[in-house]
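Participant: Have a look at this one before I ask anything.
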Amino acid sequence: MTEGPDRTKETEDAAAPAEAEPAARTPPEQIVAVPVRHPGRWVAAGVLLVLGAMLVHSLATNPAWRWDVVWRFLFSSRVLSGLWLTIELTALAMVIGVVLGIIVAVMRLSPNPIVSTIAWLYAWFFRGTPVLVQVIFWSFIAILYPVISLGIPFGPEFVYFDSNLLIPIFVGAVLGFGLNEAAYMSEIVRAGILSVDSGQTEAAEALGMTRLRILRRIVLPQAMRVIIPPTGNETISMLKTTSLASVIAVGDLFTQVQLIYGGNLQQIPLLVVASIWYLVLTSVLSIAQFFIERRYSRGTLPARQRGLFGFGRPKSGLA
């Protein structure tokens with residue numbers, strides 16, 4: 001029969017083992033991540049917690065703090081008047097410092113060697129002498145110049161002013177703080193201006209923009225990212241530096257506190273009062289600095305820092 005061989009072949013093919021299928025892949029072993037132990041961190045944290053608890057216990061149990069005196073004078077009229085004068089000193093000194101600092105910084109970057117040299121000498125002098133000396137000097141400028149006049153240089157004078165009336169003690173303190181601050185602000189502003197790519201200035205000049213317009217519309221807005229953080233620090237530092245005005249009895253917060261504890265001999269409680277108000281003002285300034293920095297740092301901060309106080313997600317919802 002002719003069908004025999006074919007059937008035999010089919011039978012052999014059926015009996016032949018099926019072609020070996022690829023072996024099933026075994027899942028890889030899961031890696032168990034064991035975090036690195038940091039016992040030193042926990043020890044340091046424990047020590048800090050114990051020290052913090054000891055401090056709180058001392059504040060609560062030590063009668064020498066005299067918290068009753070602190071609360072009695074915290075909102076007294078004399079302390080609040082000194083607080084307001086401190087705020088005025090800080091604001092006026094920073095206005096003078098920022099405005100004059102920008103002018104001096106621009107002069108430092110001027111291609112005119114005379115202008116740049118004068119600006120350098122200004123920064124050299126006011127940064128090289130103590131701010132306390134400058135405050136006292138301007139407060140008693142009438143000893144050196146009893147009369148201040150206006151007129152033609154080296155010629156006749158037309159208008160005369162009594163220096164004691166023109167520059168009283170408060171104005172002398174403002175000038176001392178403001179002129180000293182301008183020297184430091186000039187370096188801050190100069191660093192901010194130099195941080196801007198010079199190619200943008202060259203492109204603006206090619207469009208026919210004047211140097212003043214380039215500075216106002218292009219350079220300074222970009223330089224603010226560099227200028228704002230140290231300016232905020234200088235403002236906070238100025239708030240505390242105004243306590244030096246107590247040497248000339250201006251009547252700021254620290255002066256009022258000194259006058260009060262000079263009468264009742266409660267030095268520590270009154271110093272705590274001053275410290276509380278300085279902490280309150282510096283906290284307010286720090287919060288304002290944070291929002292101003294975020295305003296001028298749009299598009300440059302990491303996403304995790306765009307939320308409130310560095311936490312939270314950005315408004316776009318992107319991580």
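Chain lettering (A, B, ...) mirrors the order of the structure tokens, residue numbering begins at 1 for each chain separately, and ligand numbering begins at 1 in order of display.
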If you run DSSP on this backbone, which residues of segment 11-159 of chain A come out as alpha helix (DSSP H), and could you give them as a PyMOL selection string?
Facilitator: chain A and resi 11-15+39-61+67-74+77-108+113-128+131-139+141-144
Participant: Counting only C-alpha atoms, which residues of segment 102-152 of chain A sit at most 9 Å from some atom of segment 243-265 of chain A, and what is each one's closest atom pair with its distance in Å to one decimal, listed by chain and rising residue number, as JSON lines?
Facilitator:
{"residue": "A:Val131", "atom": "CA", "partner": "A:Leu244", "partner_atom": "CA", "distance": 8.7}
{"residue": "A:Leu132", "atom": "CA", "partner": "A:Leu244", "partner_atom": "CA", "distance": 6.6}
{"residue": "A:Val135", "atom": "CA", "partner": "A:Ala245", "partner_atom": "CA", "distance": 7.5}
{"residue": "A:Ile136", "atom": "CA", "partner": "A:Ile248", "partner_atom": "CA", "distance": 7.0}
{"residue": "A:Ser139", "atom": "CA", "partner": "A:Ile248", "partner_atom": "CA", "distance": 7.7}
Participant: So that I have them on file, write out the residues from the current selection with N, CA, C and O atoms, as a PDB file, in the first residue's frame.
Facilitator:
ATOM      1  N   VAL A 131      30.718 103.059  61.772  1.00  0.00           N
ATOM      2  CA  VAL A 131      29.451 103.756  61.615  1.00  0.00           C
ATOM      3  C   VAL A 131      29.155 104.608  62.851  1.00  0.00           C
ATOM      4  O   VAL A 131      28.548 105.678  62.742  1.00  0.00           O
ATOM      5  N   LEU A 132      29.592 104.171  64.024  1.00  0.00           N
ATOM      6  CA  LEU A 132      29.357 104.959  65.234  1.00  0.00           C
ATOM      7  C   LEU A 132      30.090 106.293  65.163  1.00  0.00           C
ATOM      8  O   LEU A 132      29.544 107.335  65.557  1.00  0.00           O
ATOM      9  N   VAL A 135      28.100 108.550  62.821  1.00  0.00           N
ATOM     10  CA  VAL A 135      26.881 109.065  63.435  1.00  0.00           C
ATOM     11  C   VAL A 135      27.198 110.216  64.372  1.00  0.00           C
ATOM     12  O   VAL A 135      26.535 111.274  64.344  1.00  0.00           O
ATOM     13  N   ILE A 136      28.209 110.061  65.199  1.00  0.00           N
ATOM     14  CA  ILE A 136      28.587 111.135  66.127  1.00  0.00           C
ATOM     15  C   ILE A 136      29.099 112.344  65.361  1.00  0.00           C
ATOM     16  O   ILE A 136      28.792 113.493  65.700  1.00  0.00           O
ATOM     17  N   SER A 139      26.233 114.238  63.801  1.00  0.00           N
ATOM     18  CA  SER A 139      25.373 114.820  64.828  1.00  0.00           C
ATOM     19  C   SER A 139      25.967 116.091  65.419  1.00  0.00           C
ATOM     20  O   SER A 139      25.228 116.952  65.919  1.00  0.00           O
TER      21      SER A 139
END
Participant: How many Å lie between atom CA of Ile118 of chain A and atom CA of Tyr184 of chain A, rounded to one decimal?
Facilitator: 15.3 Å
Participant: Which residue out of A:Ile292, A:Ala53, A:Met238, A:Ala119 has the minimum interatomic distance to Gly97 of chain A when only C-alpha atoms are used?
Facilitator: A:Met238
Participant: With a distance cut-off of 8 Å and only C-alpha atoms, select the neighbouring residues of segment 84-89 of chain A, excluding the residue or stretch itself and same-chain residues fewer than 2 positions from it, and output the selection as a ChimeraX atom specification.
Facilitator: /A:80-82,91-93,173-174,239,242-243,251-253
Participant: From the list A:Ala64, A:Val219, A:Ala182, A:Val56, which residue is nearest Ile268 of chain A when using only C-alpha atoms?
Facilitator: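 Looking only at the distances to Ile268 of chain A, the closest residue turns out to be A:Ala64.
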Participant: Using only C-alpha atoms, which residues sit within 12 Å of Leu179 of chain A once same-chain residues fewer than 5 positions away are excluded, as a PyMOL selection string?
Facilitator: chain A and resi 92-101+104+122-123+125-127+129-131+134-135+137-138+171-174+184-186
Participant: Name all residues at most 9 Å from segment 152-168 of chain A (count only C-alpha atoms; drop same-chain ones fewer than 6 positions away) and give them as a VMD selection string.
Facilitator: chain A and resid 138 to 143 145 to 146
Participant: Can you spit out the residues from that selection as a PDB file, in the first residue's frame, using all heavy atoms?
Facilitator:
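Below you can see result_4.pdb, which holds the result:
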ATOM      1  N   TRP A 138      28.353 113.441  62.265  1.00  0.00           N
ATOM      2  CA  TRP A 138      27.282 114.195  61.622  1.00  0.00           C
ATOM      3  C   TRP A 138      26.350 114.830  62.643  1.00  0.00           C
ATOM      4  O   TRP A 138      25.744 115.872  62.366  1.00  0.00           O
ATOM      5  CB  TRP A 138      26.489 113.294  60.685  1.00  0.00           C
ATOM      6  CG  TRP A 138      27.219 113.001  59.418  1.00  0.00           C
ATOM      7  CD1 TRP A 138      27.885 111.866  59.086  1.00  0.00           C
ATOM      8  CD2 TRP A 138      27.389 113.892  58.319  1.00  0.00           C
ATOM      9  NE1 TRP A 138      28.452 111.979  57.849  1.00  0.00           N
ATOM     10  CE2 TRP A 138      28.162 113.221  57.348  1.00  0.00           C
ATOM     11  CE3 TRP A 138      26.963 115.194  58.059  1.00  0.00           C
ATOM     12  CZ2 TRP A 138      28.512 113.802  56.146  1.00  0.00           C
ATOM     13  CZ3 TRP A 138      27.303 115.767  56.844  1.00  0.00           C
ATOM     14  CH2 TRP A 138      28.073 115.087  55.906  1.00  0.00           C
ATOM     15  N   SER A 139      26.233 114.238  63.801  1.00  0.00           N
ATOM     16  CA  SER A 139      25.373 114.820  64.828  1.00  0.00           C
ATOM     17  C   SER A 139      25.967 116.091  65.419  1.00  0.00           C
ATOM     18  O   SER A 139      25.228 116.952  65.919  1.00  0.00           O
ATOM     19  CB  SER A 139      25.118 113.796  65.947  1.00  0.00           C
ATOM     20  OG  SER A 139      24.479 112.647  65.431  1.00  0.00           O
ATOM     21  N   PHE A 140      27.289 116.215  65.371  1.00  0.00           N
ATOM     22  CA  PHE A 140      27.963 117.397  65.921  1.00  0.00           C
ATOM     23  C   PHE A 140      28.715 118.159  64.841  1.00  0.00           C
ATOM     24  O   PHE A 140      29.745 118.774  65.106  1.00  0.00           O
ATOM     25  CB  PHE A 140      28.922 116.984  67.040  1.00  0.00           C
ATOM     26  CG  PHE A 140      28.229 116.349  68.215  1.00  0.00           C
ATOM     27  CD1 PHE A 140      28.195 114.978  68.355  1.00  0.00           C
ATOM     28  CD2 PHE A 140      27.587 117.139  69.165  1.00  0.00           C
ATOM     29  CE1 PHE A 140      27.553 114.383  69.430  1.00  0.00           C
ATOM     30  CE2 PHE A 140      26.943 116.556  70.243  1.00  0.00           C
ATOM     31  CZ  PHE A 140      26.923 115.173  70.375  1.00  0.00           C
ATOM     32  N   ILE A 141      28.173 118.117  63.619  1.00  0.00           N
ATOM     33  CA  ILE A 141      28.815 118.819  62.506  1.00  0.00           C
ATOM     34  C   ILE A 141      28.812 120.324  62.711  1.00  0.00           C
ATOM     35  O   ILE A 141      29.642 121.046  62.148  1.00  0.00           O
ATOM     36  CB  ILE A 141      28.109 118.446  61.174  1.00  0.00           C
ATOM     37  CG1 ILE A 141      28.903 118.928  59.956  1.00  0.00           C
ATOM     38  CG2 ILE A 141      26.694 118.999  61.150  1.00  0.00           C
ATOM     39  CD1 ILE A 141      30.214 118.248  59.782  1.00  0.00           C
ATOM     40  N   ALA A 142      27.878 120.818  63.548  1.00  0.00           N
ATOM     41  CA  ALA A 142      27.806 122.264  63.795  1.00  0.00           C
ATOM     42  C   ALA A 142      29.047 122.790  64.488  1.00  0.00           C
ATOM     43  O   ALA A 142      29.354 123.985  64.377  1.00  0.00           O
ATOM     44  CB  ALA A 142      26.565 122.586  64.624  1.00  0.00           C
ATOM     45  N   ILE A 143      29.778 121.944  65.187  1.00  0.00           N
ATOM     46  CA  ILE A 143      31.029 122.388  65.814  1.00  0.00           C
ATOM     47  C   ILE A 143      32.048 122.744  64.741  1.00  0.00           C
ATOM     48  O   ILE A 143      32.809 123.713  64.862  1.00  0.00           O
ATOM     49  CB  ILE A 143      31.569 121.285  66.744  1.00  0.00           C
ATOM     50  CG1 ILE A 143      30.567 120.995  67.863  1.00  0.00           C
ATOM     51  CG2 ILE A 143      32.924 121.666  67.314  1.00  0.00           C
ATOM     52  CD1 ILE A 143      30.966 119.844  68.756  1.00  0.00           C
ATOM     53  N   TYR A 145      31.225 123.269  61.317  1.00  0.00           N
ATOM     54  CA  TYR A 145      30.633 124.259  60.402  1.00  0.00           C
ATOM     55  C   TYR A 145      29.394 124.850  61.068  1.00  0.00           C
ATOM     56  O   TYR A 145      28.282 124.343  60.876  1.00  0.00           O
ATOM     57  CB  TYR A 145      30.254 123.607  59.066  1.00  0.00           C
ATOM     58  CG  TYR A 145      31.432 123.024  58.313  1.00  0.00           C
ATOM     59  CD1 TYR A 145      31.645 121.640  58.302  1.00  0.00           C
ATOM     60  CD2 TYR A 145      32.320 123.840  57.634  1.00  0.00           C
ATOM     61  CE1 TYR A 145      32.715 121.101  57.621  1.00  0.00           C
ATOM     62  CE2 TYR A 145      33.399 123.301  56.954  1.00  0.00           C
ATOM     63  CZ  TYR A 145      33.588 121.933  56.948  1.00  0.00           C
ATOM     64  OH  TYR A 145      34.663 121.397  56.278  1.00  0.00           O
ATOM     65  N   PRO A 146      29.553 125.915  61.839  1.00  0.00           N
ATOM     66  CA  PRO A 146      28.381 126.507  62.516  1.00  0.00           C
ATOM     67  C   PRO A 146      27.334 127.026  61.537  1.00  0.00           C
ATOM     68  O   PRO A 146      26.138 127.025  61.850  1.00  0.00           O
ATOM     69  CB  PRO A 146      28.984 127.646  63.340  1.00  0.00           C
ATOM     70  CG  PRO A 146      30.441 127.324  63.453  1.00  0.00           C
ATOM     71  CD  PRO A 146      30.797 126.595  62.197  1.00  0.00           C
TER      72      PRO A 146
END
Participant: Could you write out, as a ChimeraX atom specification, all the residues of segment 82-159 of chain A that DSSP marks as strand (DSSP E)?
Facilitator: /A:147-151,157-159
Participant: Of the candidates A:Gln289, A:Gly46, A:Leu270, A:Thr282, which one gets nearest to Trp71 of chain A if we count only C-alpha atoms?
Facilitator: A:Leu270
